[in-house]
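Undergrad: For reference, this is run_4.cif, and it has mmCIF, C-alpha atoms.
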```
data_data
loop_
_atom_site.label_atom_id
_atom_site.label_comp_id
_atom_site.auth_asym_id
_atom_site.auth_seq_id
_atom_site.Cartn_x
_atom_site.Cartn_y
_atom_site.Cartn_z
CA MET X 1 -2.85 56.86 13.08
CA LYS X 2 -4.63 59.07 15.64
CA PHE X 3 -7.26 56.36 16.15
CA LEU X 4 -4.73 53.64 17.07
CA PRO X 5 -4.82 54.43 20.84
CA LEU X 6 -8.60 54.24 20.72
CA LEU X 7 -8.47 50.92 18.89
CA TRP X 8 -5.88 49.56 21.31
CA HIS X 9 -7.97 50.58 24.30
CA SER X 10 -11.10 49.04 22.77
CA LEU X 11 -9.42 45.74 21.93
CA PHE X 12 -8.00 45.27 25.40
CA ARG X 13 -10.99 46.50 27.34
CA ARG X 14 -11.48 42.83 28.22
CA LYS X 15 -7.96 41.43 27.90
CA VAL X 16 -8.77 37.81 28.68
CA ARG X 17 -11.65 37.69 26.19
CA THR X 18 -9.57 39.29 23.44
CA VAL X 19 -6.58 37.01 24.03
CA PHE X 20 -8.72 33.87 23.96
CA THR X 21 -10.47 35.03 20.79
CA LEU X 22 -7.08 35.66 19.17
CA LEU X 23 -5.93 32.18 20.22
CA ALA X 24 -9.09 30.61 18.81
CA VAL X 25 -8.53 32.35 15.46
CA LEU X 26 -4.86 31.35 15.49
CA VAL X 27 -5.74 27.68 16.10
CA ALA X 28 -8.39 27.75 13.35
CA PHE X 29 -5.96 29.07 10.73
CA THR X 30 -3.18 26.74 11.85
CA LEU X 31 -5.62 23.86 11.42
CA TYR X 32 -6.51 25.25 7.99
CA GLY X 33 -2.83 25.15 7.00
CA PHE X 34 -2.43 21.55 8.17
CA LEU X 35 -5.55 20.38 6.36
CA VAL X 36 -4.80 22.01 3.00
CA ALA X 37 -1.27 20.58 3.18
CA ILE X 38 -2.69 17.08 3.68
CA LYS X 39 -5.13 17.64 0.81
CA ALA X 40 -2.27 18.81 -1.42
CA ALA X 41 -0.19 15.74 -0.48
CA PHE X 42 -2.99 13.31 -1.35
CA GLY X 43 -3.62 15.15 -4.60
CA MET X 44 0.04 15.69 -5.50
CA GLY X 45 0.39 15.98 -9.24
CA ILE X 46 -3.35 16.03 -9.94
CA GLU X 47 -3.54 19.77 -10.54
CA LEU X 48 -0.40 19.64 -12.67
CA ALA X 49 -1.61 16.70 -14.73
CA GLY X 50 -2.57 17.88 -18.19
CA ASN X 51 -5.57 16.82 -20.23
CA GLU X 52 -3.18 16.35 -23.15
CA ARG X 53 -1.93 13.20 -21.40
CA LEU X 54 -4.13 10.11 -21.34
CA VAL X 55 -3.72 6.97 -19.24
CA LEU X 56 -4.70 3.56 -20.61
CA ILE X 57 -5.23 0.67 -18.20
CA HIS X 58 -6.79 -2.78 -18.34
CA LYS X 59 -10.58 -2.52 -18.41
CA VAL X 60 -10.91 -4.85 -15.42
CA SER X 61 -8.35 -3.30 -13.06
CA ILE X 62 -5.06 -1.49 -13.01
CA ILE X 63 -3.44 -4.58 -11.49
CA GLN X 64 -4.14 -6.54 -14.69
CA LEU X 65 -1.18 -6.45 -17.08
CA LEU X 66 -1.29 -5.37 -20.72
CA PRO X 67 0.77 -6.67 -23.68
CA ILE X 68 3.68 -4.44 -24.67
CA SER X 69 2.61 -5.09 -28.26
CA TYR X 70 -0.16 -2.52 -27.72
CA LEU X 71 2.50 0.20 -27.85
CA GLU X 72 2.73 0.47 -31.63
CA GLN X 73 -1.02 0.18 -32.14
CA ILE X 74 -1.58 3.07 -29.76
CA ARG X 75 1.18 5.10 -31.39
CA SER X 76 -0.45 4.72 -34.81
CA THR X 77 -3.81 6.06 -33.59
CA PRO X 78 -4.65 9.44 -35.19
CA GLY X 79 -4.10 12.29 -32.74
CA VAL X 80 -1.48 10.45 -30.66
CA VAL X 81 1.87 12.26 -30.42
CA ASP X 82 3.79 9.97 -28.07
CA VAL X 83 3.19 6.92 -25.88
CA CYS X 84 5.13 5.38 -22.99
CA HIS X 85 4.51 2.41 -20.75
CA GLN X 86 4.89 2.04 -16.98
CA THR X 87 4.53 -0.85 -14.53
CA TRP X 88 3.94 -1.00 -10.80
CA PHE X 89 6.97 -2.52 -9.04
CA GLY X 90 5.85 -2.32 -5.41
CA GLY X 91 9.15 -2.76 -3.57
CA VAL X 92 10.41 -1.42 -0.23
CA TYR X 93 13.75 -0.06 0.94
CA GLN X 94 15.31 -1.86 3.95
CA ASP X 95 12.08 -1.78 5.97
CA PRO X 96 8.43 -2.46 4.94
CA ARG X 97 7.57 1.02 6.20
CA ASN X 98 9.98 2.59 3.70
CA PHE X 99 7.61 2.49 0.76
CA PHE X 100 7.66 4.82 -2.25
CA MET X 101 6.58 4.36 -5.85
CA GLN X 102 9.04 2.51 -8.10
CA VAL X 103 8.35 2.26 -11.82
CA PRO X 104 10.23 0.52 -14.64
CA VAL X 105 10.11 2.75 -17.72
CA ASP X 106 11.69 3.55 -21.05
CA PRO X 107 14.00 6.35 -19.76
CA GLU X 108 14.06 8.55 -22.86
CA CYS X 109 10.33 8.27 -23.42
CA MET X 110 9.55 8.96 -19.76
CA LEU X 111 11.52 12.20 -19.71
CA ARG X 112 9.87 13.30 -22.96
CA MET X 113 6.46 12.57 -21.53
CA TYR X 114 7.11 14.39 -18.25
CA PRO X 115 9.09 17.57 -19.00
CA GLU X 116 8.25 18.79 -15.48
CA PHE X 117 10.83 16.29 -14.16
CA LYS X 118 14.12 18.17 -14.33
CA LEU X 119 17.32 16.12 -14.49
CA PRO X 120 20.84 17.50 -15.15
CA GLU X 121 22.09 16.61 -18.62
CA ALA X 122 25.09 14.62 -17.35
CA GLN X 123 22.88 12.54 -15.06
CA LYS X 124 20.40 12.01 -17.90
CA LYS X 125 23.12 10.61 -20.20
CA ALA X 126 24.47 8.41 -17.43
CA TRP X 127 21.03 6.95 -16.81
CA PHE X 128 20.37 6.28 -20.48
CA ALA X 129 23.65 4.35 -20.76
CA ASP X 130 23.37 2.35 -17.52
CA ARG X 131 21.13 -0.72 -17.84
CA GLN X 132 20.91 -1.07 -14.03
CA GLY X 133 20.66 2.67 -13.54
CA ALA X 134 17.84 4.51 -11.79
CA ILE X 135 16.80 8.05 -10.94
CA VAL X 136 14.83 9.20 -7.91
CA GLY X 137 12.96 12.31 -6.84
CA ARG X 138 14.63 14.90 -4.63
CA VAL X 139 12.27 14.31 -1.69
CA THR X 140 12.94 10.56 -1.50
CA ALA X 141 16.69 11.06 -1.96
CA GLN X 142 16.78 13.53 0.93
CA LYS X 143 14.63 11.28 3.12
CA PHE X 144 17.07 8.36 2.83
CA GLY X 145 20.26 10.35 2.42
CA TRP X 146 20.93 9.01 -1.07
CA LYS X 147 23.39 10.63 -3.46
CA VAL X 148 24.35 10.06 -7.07
CA GLY X 149 26.59 7.00 -7.35
CA ASP X 150 24.98 5.04 -4.52
CA ARG X 151 23.99 1.41 -4.96
CA ILE X 152 20.33 1.11 -3.95
CA PRO X 153 18.86 -2.30 -2.94
CA ILE X 154 15.08 -2.62 -3.29
CA GLN X 155 13.21 -5.57 -1.81
CA ALA X 156 10.51 -6.72 -4.21
CA THR X 157 7.09 -7.66 -2.85
CA ILE X 158 5.73 -8.83 -6.23
CA TRP X 159 8.44 -9.29 -8.82
CA ARG X 160 11.01 -11.99 -8.07
CA LYS X 161 14.12 -12.30 -10.19
CA LYS X 162 14.87 -15.37 -12.31
CA ASP X 163 17.25 -16.64 -9.63
CA ASN X 164 14.24 -16.49 -7.25
CA SER X 165 15.77 -13.67 -5.18
CA THR X 166 13.74 -10.64 -4.14
CA THR X 167 16.59 -8.12 -3.96
CA TRP X 168 16.95 -5.79 -6.92
CA GLU X 169 19.99 -3.50 -6.92
CA PHE X 170 20.22 -0.26 -8.87
CA ASN X 171 22.88 2.36 -9.53
CA LEU X 172 21.59 5.81 -8.62
CA ASP X 173 22.49 7.82 -11.71
CA GLY X 174 20.42 10.93 -11.07
CA ILE X 175 18.15 12.88 -8.74
CA TYR X 176 15.33 14.79 -10.42
CA SER X 177 13.49 17.84 -9.15
CA GLY X 178 10.12 19.30 -10.09
CA ALA X 179 9.80 22.28 -12.39
CA GLU X 180 7.16 23.78 -10.10
CA GLU X 181 5.64 23.36 -6.68
CA GLY X 182 3.38 20.33 -6.48
CA THR X 183 5.41 18.11 -8.83
CA ASP X 184 5.77 14.62 -7.39
CA GLU X 185 9.41 14.31 -6.29
CA THR X 186 9.07 10.95 -4.55
CA GLN X 187 9.18 8.41 -7.38
CA PHE X 188 11.92 5.98 -8.37
CA PHE X 189 12.39 5.14 -12.08
CA PHE X 190 14.55 2.41 -13.63
CA HIS X 191 15.00 0.63 -16.98
CA TYR X 192 12.11 -1.52 -18.17
CA LYS X 193 14.45 -3.65 -20.32
CA TYR X 194 16.51 -4.64 -17.27
CA PHE X 195 13.31 -5.34 -15.33
CA ASP X 196 11.72 -7.39 -18.14
CA GLU X 197 14.75 -9.59 -18.80
CA SER X 198 15.40 -10.21 -15.09
CA ARG X 199 11.91 -10.92 -13.70
CA LEU X 200 10.72 -14.47 -13.10
CA PHE X 201 7.37 -14.06 -14.85
CA GLY X 202 5.31 -11.60 -16.89
CA GLN X 203 7.80 -10.95 -19.68
CA GLY X 204 6.43 -8.77 -22.46
CA SER X 205 3.76 -7.12 -20.34
CA VAL X 206 3.34 -3.68 -18.79
CA GLY X 207 1.06 -2.09 -16.23
CA TRP X 208 -0.37 0.89 -18.11
CA TYR X 209 0.31 3.33 -20.94
CA VAL X 210 0.69 7.10 -20.78
CA ILE X 211 -0.28 8.80 -24.04
CA ARG X 212 0.34 12.35 -25.20
CA ILE X 213 -2.18 13.71 -27.69
CA ALA X 214 -2.00 16.70 -30.00
CA ASP X 215 -5.34 18.28 -29.06
CA ALA X 216 -6.67 18.04 -25.50
CA SER X 217 -10.15 19.02 -26.67
CA LYS X 218 -10.32 15.76 -28.62
CA ALA X 219 -9.36 13.57 -25.65
CA PRO X 220 -12.74 11.74 -25.43
CA GLN X 221 -12.73 10.88 -29.15
CA ILE X 222 -9.10 9.72 -29.13
CA ALA X 223 -9.65 7.66 -25.97
CA GLN X 224 -12.65 5.97 -27.56
CA ALA X 225 -10.69 5.29 -30.77
CA ILE X 226 -7.87 3.67 -28.79
CA ASP X 227 -10.18 1.50 -26.69
CA SER X 228 -12.13 0.36 -29.74
CA GLN X 229 -8.94 -1.18 -31.16
CA PHE X 230 -8.75 -3.57 -28.23
CA ALA X 231 -12.45 -4.31 -27.83
CA ASN X 232 -13.24 -8.03 -27.52
CA SER X 233 -9.55 -8.81 -27.05
CA PRO X 234 -8.17 -10.82 -24.09
CA ALA X 235 -7.00 -7.52 -22.61
CA GLU X 236 -9.63 -4.83 -23.20
CA THR X 237 -8.70 -1.30 -22.17
CA LYS X 238 -10.08 1.82 -20.55
CA THR X 239 -8.56 5.21 -21.38
CA THR X 240 -9.08 8.46 -19.47
CA THR X 241 -7.25 11.75 -19.03
CA GLU X 242 -4.32 11.61 -16.66
CA LYS X 243 -6.03 14.06 -14.31
CA ALA X 244 -9.17 11.89 -14.10
CA PHE X 245 -7.04 8.77 -13.60
CA MET X 246 -5.02 10.31 -10.76
CA GLN X 247 -8.13 11.72 -9.10
CA ALA X 248 -9.83 8.31 -9.22
CA PHE X 249 -6.68 6.70 -7.77
CA ALA X 250 -6.58 9.24 -4.93
CA ASN X 251 -10.30 8.78 -4.26
CA GLN X 252 -9.70 5.12 -3.43
CA VAL X 253 -8.45 6.39 -0.07
CA GLY X 254 -11.57 8.54 0.23
CA ASN X 255 -12.75 11.89 -1.01
CA ILE X 256 -10.02 13.77 0.80
CA ALA X 257 -10.97 17.12 -0.73
CA LEU X 258 -14.56 16.81 0.53
CA ILE X 259 -13.42 15.71 3.99
CA VAL X 260 -10.96 18.60 4.26
CA ARG X 261 -13.49 21.17 3.02
CA SER X 262 -16.08 19.88 5.51
CA ILE X 263 -13.71 20.14 8.47
CA ILE X 264 -12.54 23.60 7.42
CA ALA X 265 -16.13 24.78 6.97
CA MET X 266 -17.13 23.56 10.44
CA ALA X 267 -14.04 25.06 12.06
CA PHE X 268 -14.60 28.45 10.42
CA PHE X 269 -18.29 28.49 11.23
CA ILE X 270 -17.43 27.98 14.91
CA ILE X 271 -14.67 30.58 14.88
CA LEU X 272 -17.01 33.02 13.11
CA LEU X 273 -19.51 32.62 15.94
CA VAL X 274 -16.79 33.12 18.54
CA THR X 275 -15.41 36.26 16.89
CA ALA X 276 -18.84 37.71 16.17
CA ASN X 277 -19.86 37.13 19.80
CA THR X 278 -16.71 38.90 20.99
CA MET X 279 -17.48 41.91 18.82
CA ALA X 280 -21.17 41.96 19.80
CA GLU X 281 -20.27 41.89 23.50
CA SER X 282 -17.70 44.62 22.97
CA VAL X 283 -20.19 46.90 21.21
CA ARG X 284 -22.89 46.22 23.81
CA GLU X 285 -20.55 47.13 26.67
CA ARG X 286 -19.43 50.35 24.96
CA THR X 287 -22.85 51.79 24.13
CA SER X 288 -22.23 54.93 26.16
CA GLU X 289 -18.75 55.35 24.67
CA PHE X 290 -20.16 55.33 21.14
CA ALA X 291 -22.73 57.92 22.22
CA VAL X 292 -19.94 60.15 23.52
CA LEU X 293 -17.92 59.66 20.31
CA LYS X 294 -20.91 60.68 18.22
CA THR X 295 -21.48 63.67 20.48
CA LEU X 296 -17.86 64.71 19.85
CA GLY X 297 -18.44 64.61 16.10
CA PHE X 298 -17.81 61.03 14.99
CA THR X 299 -19.98 60.29 11.96
CA ASP X 300 -21.95 57.08 11.60
CA GLY X 301 -19.55 55.96 8.89
CA ARG X 302 -16.52 56.54 11.11
CA VAL X 303 -18.07 54.49 13.90
CA LEU X 304 -18.78 51.70 11.41
CA VAL X 305 -15.16 51.72 10.22
CA LEU X 306 -13.89 51.78 13.81
CA VAL X 307 -15.78 48.62 14.80
CA LEU X 308 -14.94 46.83 11.56
CA THR X 309 -11.26 47.71 12.02
CA GLU X 310 -11.32 46.15 15.49
CA SER X 311 -12.86 42.98 14.12
CA CYS X 312 -10.37 42.81 11.24
CA LEU X 313 -7.47 43.37 13.64
CA ILE X 314 -8.53 40.41 15.78
CA ALA X 315 -9.00 38.22 12.72
CA GLY X 316 -5.83 39.54 11.07
CA VAL X 317 -3.48 39.09 14.01
CA GLY X 318 -4.80 35.63 14.88
CA GLY X 319 -5.18 34.54 11.25
CA PHE X 320 -1.80 35.67 9.97
CA LEU X 321 -0.03 34.21 13.01
CA GLY X 322 -1.87 30.94 12.40
CA LEU X 323 -0.95 30.85 8.70
CA GLY X 324 2.64 31.75 9.52
CA LEU X 325 2.84 29.00 12.15
CA ALA X 326 1.40 26.48 9.70
CA GLY X 327 3.87 27.59 7.02
CA LEU X 328 6.78 27.02 9.41
CA VAL X 329 5.64 23.75 10.97
CA VAL X 330 3.95 21.90 8.08
CA PRO X 331 7.12 21.21 6.00
CA ARG X 332 8.81 19.78 9.09
CA ILE X 333 6.12 17.24 9.92
CA PRO X 334 7.40 13.67 9.46
CA THR X 335 5.05 11.65 7.24
CA ALA X 336 6.56 8.23 7.92
CA ASN X 337 6.63 7.54 4.13
CA LEU X 338 2.83 7.49 4.02
CA LEU X 339 2.72 10.78 2.12
CA PRO X 340 5.15 12.97 0.22
CA ASN X 341 6.62 15.88 2.15
CA LEU X 342 3.89 18.27 3.20
CA TYR X 343 3.83 21.85 1.97
CA LEU X 344 1.41 24.77 2.03
CA PRO X 345 0.41 25.57 -1.58
CA THR X 346 0.65 29.22 -2.62
CA SER X 347 -2.96 29.19 -3.84
CA SER X 348 -4.15 27.88 -0.46
CA LEU X 349 -2.09 30.52 1.32
CA ALA X 350 -3.76 33.22 -0.80
CA ALA X 351 -7.15 31.69 -0.01
CA GLY X 352 -6.22 31.76 3.68
CA VAL X 353 -5.47 35.49 3.48
CA ALA X 354 -8.87 36.03 1.85
CA LEU X 355 -10.48 34.01 4.64
CA VAL X 356 -8.78 36.19 7.25
CA VAL X 357 -10.22 39.34 5.69
CA GLY X 358 -13.61 37.71 5.20
CA LEU X 359 -13.74 36.53 8.79
CA GLY X 360 -12.95 40.00 10.08
CA VAL X 361 -15.59 41.67 7.92
CA VAL X 362 -18.37 39.11 8.45
CA ALA X 363 -17.79 38.84 12.21
CA GLY X 364 -17.78 42.61 12.64
CA ILE X 365 -20.38 43.83 10.17
CA PHE X 366 -23.52 43.32 12.28
CA PRO X 367 -22.05 44.78 15.52
CA ALA X 368 -20.65 47.64 13.41
CA LEU X 369 -24.06 48.35 11.86
CA ARG X 370 -25.61 48.30 15.32
CA ALA X 371 -23.07 50.83 16.58
CA MET X 372 -23.52 52.98 13.47
CA ARG X 373 -27.31 53.13 13.88
CA LEU X 374 -27.12 53.91 17.58
CA ARG X 375 -28.94 57.13 18.51
CA ILE X 376 -27.16 59.35 21.02
CA VAL X 377 -30.28 59.96 23.12
CA ASP X 378 -31.14 56.26 23.32
CA ALA X 379 -27.57 55.35 24.20
CA LEU X 380 -27.24 57.91 26.99
CA ARG X 381 -30.61 56.86 28.41
CA ARG X 382 -29.17 53.34 29.03
CA VAL X 383 -26.29 54.68 31.12
#
```
With the file now loaded, output its structure as structure tokens.

TA:
Amino acid sequence: MKFLPLLWHSLFRRKVRTVFTLLAVLVAFTLYGFLVAIKAAFGMGIELAGNERLVLIHKVSIIQLLPISYLEQIRSTPGVVDVCHQTWFGGVYQDPRNFFMQVPVDPECMLRMYPEFKLPEAQKKAWFADRQGAIVGRVTAQKFGWKVGDRIPIQATIWRKKDNSTTWEFNLDGIYSGAEEGTDETQFFFHYKYFDESRLFGQGSVGWYVIRIADASKAPQIAQAIDSQFANSPAETKTTTEKAFMQAFANQVGNIALIVRSIIAMAFFIILLVTANTMAESVRERTSEFAVLKTLGFTDGRVLVLVLTESCLIAGVGGFLGLGLAGLVVPRIPTANLLPNLYLPTSSLAAGVALVVGLGVVAGIFPALRAMRLRIVDALRRV
């Protein structure tokens, strides 16, 4: 505590320089928070996807439909525990900009396959019993102000009804939430049977299959066994782990993770130079002061710690303010339905704290070593 006045005086020896360095660090860590939130949004669900779930699609493209008759063949494959089907619906709510994922499913199978989707028991039973019923994620429900019991009209962009209309209406029977942070809470699920009997074309077909296997370590062998069953058929298949499938789907937009890491790396390299320059200038200007401190009995190690503490204080104040600002602002950023609600992952926040400490140490270590090695006679001779 007795060194705090000395640290305070040293930090604000050049007030304008210190303030601008703090602002630069603050901006860098705020930018870091924004970027990792965007990365998390694009990769939502990827880290939570388990290798014990496989996804089977048409070998040509995911937009090619598959026969629903494949269901029992897949189920009978050794190593398969459960299998569900899903289909891309592709509708919008009221306005073309109000897009979110809608999927016709077998309700009971879907909730077995995705235990991370939490739905109250009463809402679950209501959905199972309601042929026109649907459930939606908490984020989408909050975005549009929906509540259980609402009648939700969805405008189809692909699937017309048999009466040639494009409006599909659903009873909102439940709102699900994720079991943990990062679970996709934006999707809209409804009954496949209602969808299949009402659509104008494509009866008896589905978009893809989600398969749960008993042993994740045998995923490649089971995937190969499944695909071999449909080799040389009119609808050949390609099976991968759910994580690989979701990553490939996200990469169609671009390698977001690589882009984000590149921007963060450039930003931190620049801020490292700025902070290191501030500390180097500070040490250079205080050569005589360090000589006096050593004359008064400060050891080389204490001088080293003093300079490193100054550097860590600059990085810490600016960095923690930046992370805090990002944590407050990021969840409130409107995404215009292009992305799920943004959030700052706990793991990224922990990495940000580590970056704050690392920035302070790396930026201050060389000026600190210079001050530590300073000889009293040489320092006083420069005065």

Undergrad: Starting from the PyMOL selection byres ((chain X and resi 213-226) around 7), expand the selection into actual residues of this file and give them as a compact mmCIF listing (two decimals) with C-alpha atoms, in the frame of the given file.

TA:
```txt
# COMPACT_ATOMS: atom_id res chain seq x y z
CA ASN X 51 -5.57 16.82 -20.23
CA GLU X 52 -3.18 16.35 -23.15
CA ARG X 53 -1.93 13.20 -21.40
CA ILE X 74 -1.58 3.07 -29.76
CA THR X 77 -3.81 6.06 -33.59
CA GLY X 79 -4.10 12.29 -32.74
CA VAL X 80 -1.48 10.45 -30.66
CA VAL X 81 1.87 12.26 -30.42
CA ILE X 211 -0.28 8.80 -24.04
CA ARG X 212 0.34 12.35 -25.20
CA ASP X 227 -10.18 1.50 -26.69
CA SER X 228 -12.13 0.36 -29.74
CA GLN X 229 -8.94 -1.18 -31.16
CA THR X 239 -8.56 5.21 -21.38
CA THR X 240 -9.08 8.46 -19.47
```

Undergrad: What would the selection look like, as a PyMOL selection string, if the PyMOL selection byres ((chain X and resi 323) around 12) were run on the coordinates I just shared?

TA: chain X and resi 25-37+315-322+324-330+344-346+348-356

Undergrad: Mind giving me the straight-line distance from atom CA of Leu54 of chain X to atom CA of Met110 of chain X in Å, one decimal?

TA: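 We find that atom CA of Leu54 of chain X and atom CA of Met110 of chain X lie 13.8 Å from each other.
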
Undergrad: Centre and edge lengths of an axis-aligned box around all listed atoms of segment 124-141 of chain X, with 8 Å added on each side, are to be given in Å to one decimal, as AutoDock Vina command-line options.

TA:
```
--center_x 18.4 --center_y 6.9 --center_z -11.1 --size_x 28.2 --size_y 32.0 --size_z 35.3
```

Undergrad: What would the selection look like, as a PyMOL selection string, if the PyMOL selection byres ((chain X and resi 126) around 12) were run on the coordinates I just shared?

TA: chain X and resi 107-108+119-125+127-135+148-149+171-175

Undergrad: What gap, in Å, lies between atom CA of Gly204 of chain X and atom CA of Pro67 of chain X?

TA: 6.2 Å

Undergrad: Using only C-alpha atoms, which of the listed residues (X:Ser262, X:Ser76, X:Ser10, X:Thr186) sits closest to Phe100 of chain X?

TA: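 For Phe100 of chain X, the nearest of the candidates is X:Thr186.
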
Undergrad: Quick check, in Å to one decimal: how far apart do atom CA of Gly207 of chain X and atom CA of Arg151 of chain X lie?

TA: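 Atom CA of Gly207 of chain X sits 25.8 Å away from atom CA of Arg151 of chain X.
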
Undergrad: For Met113 of chain X, which residue among X:Leu200, X:Ile57, X:Ile63, X:Val210 is the nearest when counting only C-alpha atoms?

TA: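 Answer, going by the shortest atom-to-atom distance: X:Val210.
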
Undergrad: Determine the nearest neighbour of Ile270 of chain X from the options X:Arg14, X:Thr237, X:Val361, X:Ala24, counting only C-alpha atoms.

TA: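 Looking at the shortest contact to Ile270 of chain X, the residue is X:Ala24.
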
Undergrad: List as a ChimeraX atom specification the protein and nucleic acid residues near Val307 of chain X, meaning an atom at most 12 Å away when only C-alpha atoms are counted, but skip any in the same chain fewer than 6 places from it.

TA: /X:3,6-8,10-11,276,278-284,286,290,300-301,313-314,360-372

Undergrad: Name the closest residue to His58 of chain X among the candidates X:Tyr209, X:Phe268, X:Trp168, X:Phe298; distances are taken between atoms, counting all atoms listed in the file.

TA: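 So, comparing all the options, the nearest one is X:Tyr209.
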
Undergrad: Would you kindly return, as a ChimeraX atom specification, each protein, DNA or RNA residue with an atom no farther than 12 Å from any atom of Arg160 of chain X, considering only C-alpha atoms and excluding same-chain residues fewer than 2 positions away?

TA: /X:89-91,154-158,162-168,195-202

Undergrad: Please save C-alpha atoms of the selected residues as a compact mmCIF listing (two decimals), in the frame of the given file.

TA:
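To be explicit, this is the file written out as again26.txt:
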```
# COMPACT_ATOMS: atom_id res chain seq x y z
CA PHE X 89 6.97 -2.52 -9.04
CA GLY X 90 5.85 -2.32 -5.41
CA GLY X 91 9.15 -2.76 -3.57
CA ILE X 154 15.08 -2.62 -3.29
CA GLN X 155 13.21 -5.57 -1.81
CA ALA X 156 10.51 -6.72 -4.21
CA THR X 157 7.09 -7.66 -2.85
CA ILE X 158 5.73 -8.83 -6.23
CA LYS X 162 14.87 -15.37 -12.31
CA ASP X 163 17.25 -16.64 -9.63
CA ASN X 164 14.24 -16.49 -7.25
CA SER X 165 15.77 -13.67 -5.18
CA THR X 166 13.74 -10.64 -4.14
CA THR X 167 16.59 -8.12 -3.96
CA TRP X 168 16.95 -5.79 -6.92
CA PHE X 195 13.31 -5.34 -15.33
CA ASP X 196 11.72 -7.39 -18.14
CA GLU X 197 14.75 -9.59 -18.80
CA SER X 198 15.40 -10.21 -15.09
CA ARG X 199 11.91 -10.92 -13.70
CA LEU X 200 10.72 -14.47 -13.10
CA PHE X 201 7.37 -14.06 -14.85
CA GLY X 202 5.31 -11.60 -16.89
```

Undergrad: Which residues, written as a list in words, have at least one atom at most 7 Å from Ser205 of chain X, with all atoms listed in the file counted and residues fewer than 4 positions away on the same chain left out?

TA: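 What passes the distance filter is Leu65, Leu66, Pro67 and Ile68 of chain X.
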
Undergrad: Which residue out of X:Thr295, X:Ser311, X:Gln187, X:Ser61 has the minimum interatomic distance to Thr275 of chain X when all atoms listed in the file are used?

TA: X:Ser311

Undergrad: Got a sec: who's within 9 Å of Trp88 of chain X, counting all atoms listed in the file, leaving out chain neighbours fewer than 5 positions off, as a PyMOL selection string?

TA: chain X and resi 63+101-104+206-208

Undergrad: Could you take the residues named above and write them with C-alpha atoms, as a compact mmCIF listing (two decimals), in the frame of the given file?

TA:
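Once written, part08.txt looks like this:
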```
# COMPACT_ATOMS: atom_id res chain seq x y z
CA ILE X 63 -3.44 -4.58 -11.49
CA MET X 101 6.58 4.36 -5.85
CA GLN X 102 9.04 2.51 -8.10
CA VAL X 103 8.35 2.26 -11.82
CA PRO X 104 10.23 0.52 -14.64
CA VAL X 206 3.34 -3.68 -18.79
CA GLY X 207 1.06 -2.09 -16.23
CA TRP X 208 -0.37 0.89 -18.11
```

Undergrad: Between X:Val16, X:Phe188, X:Val357, X:Gln73, which one has atoms that come closest to Glu310 of chain X, using only C-alpha atoms?

TA: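 Nearest candidate to Glu310 of chain X out of X:Val16, X:Phe188, X:Val357, X:Gln73: X:Val357.
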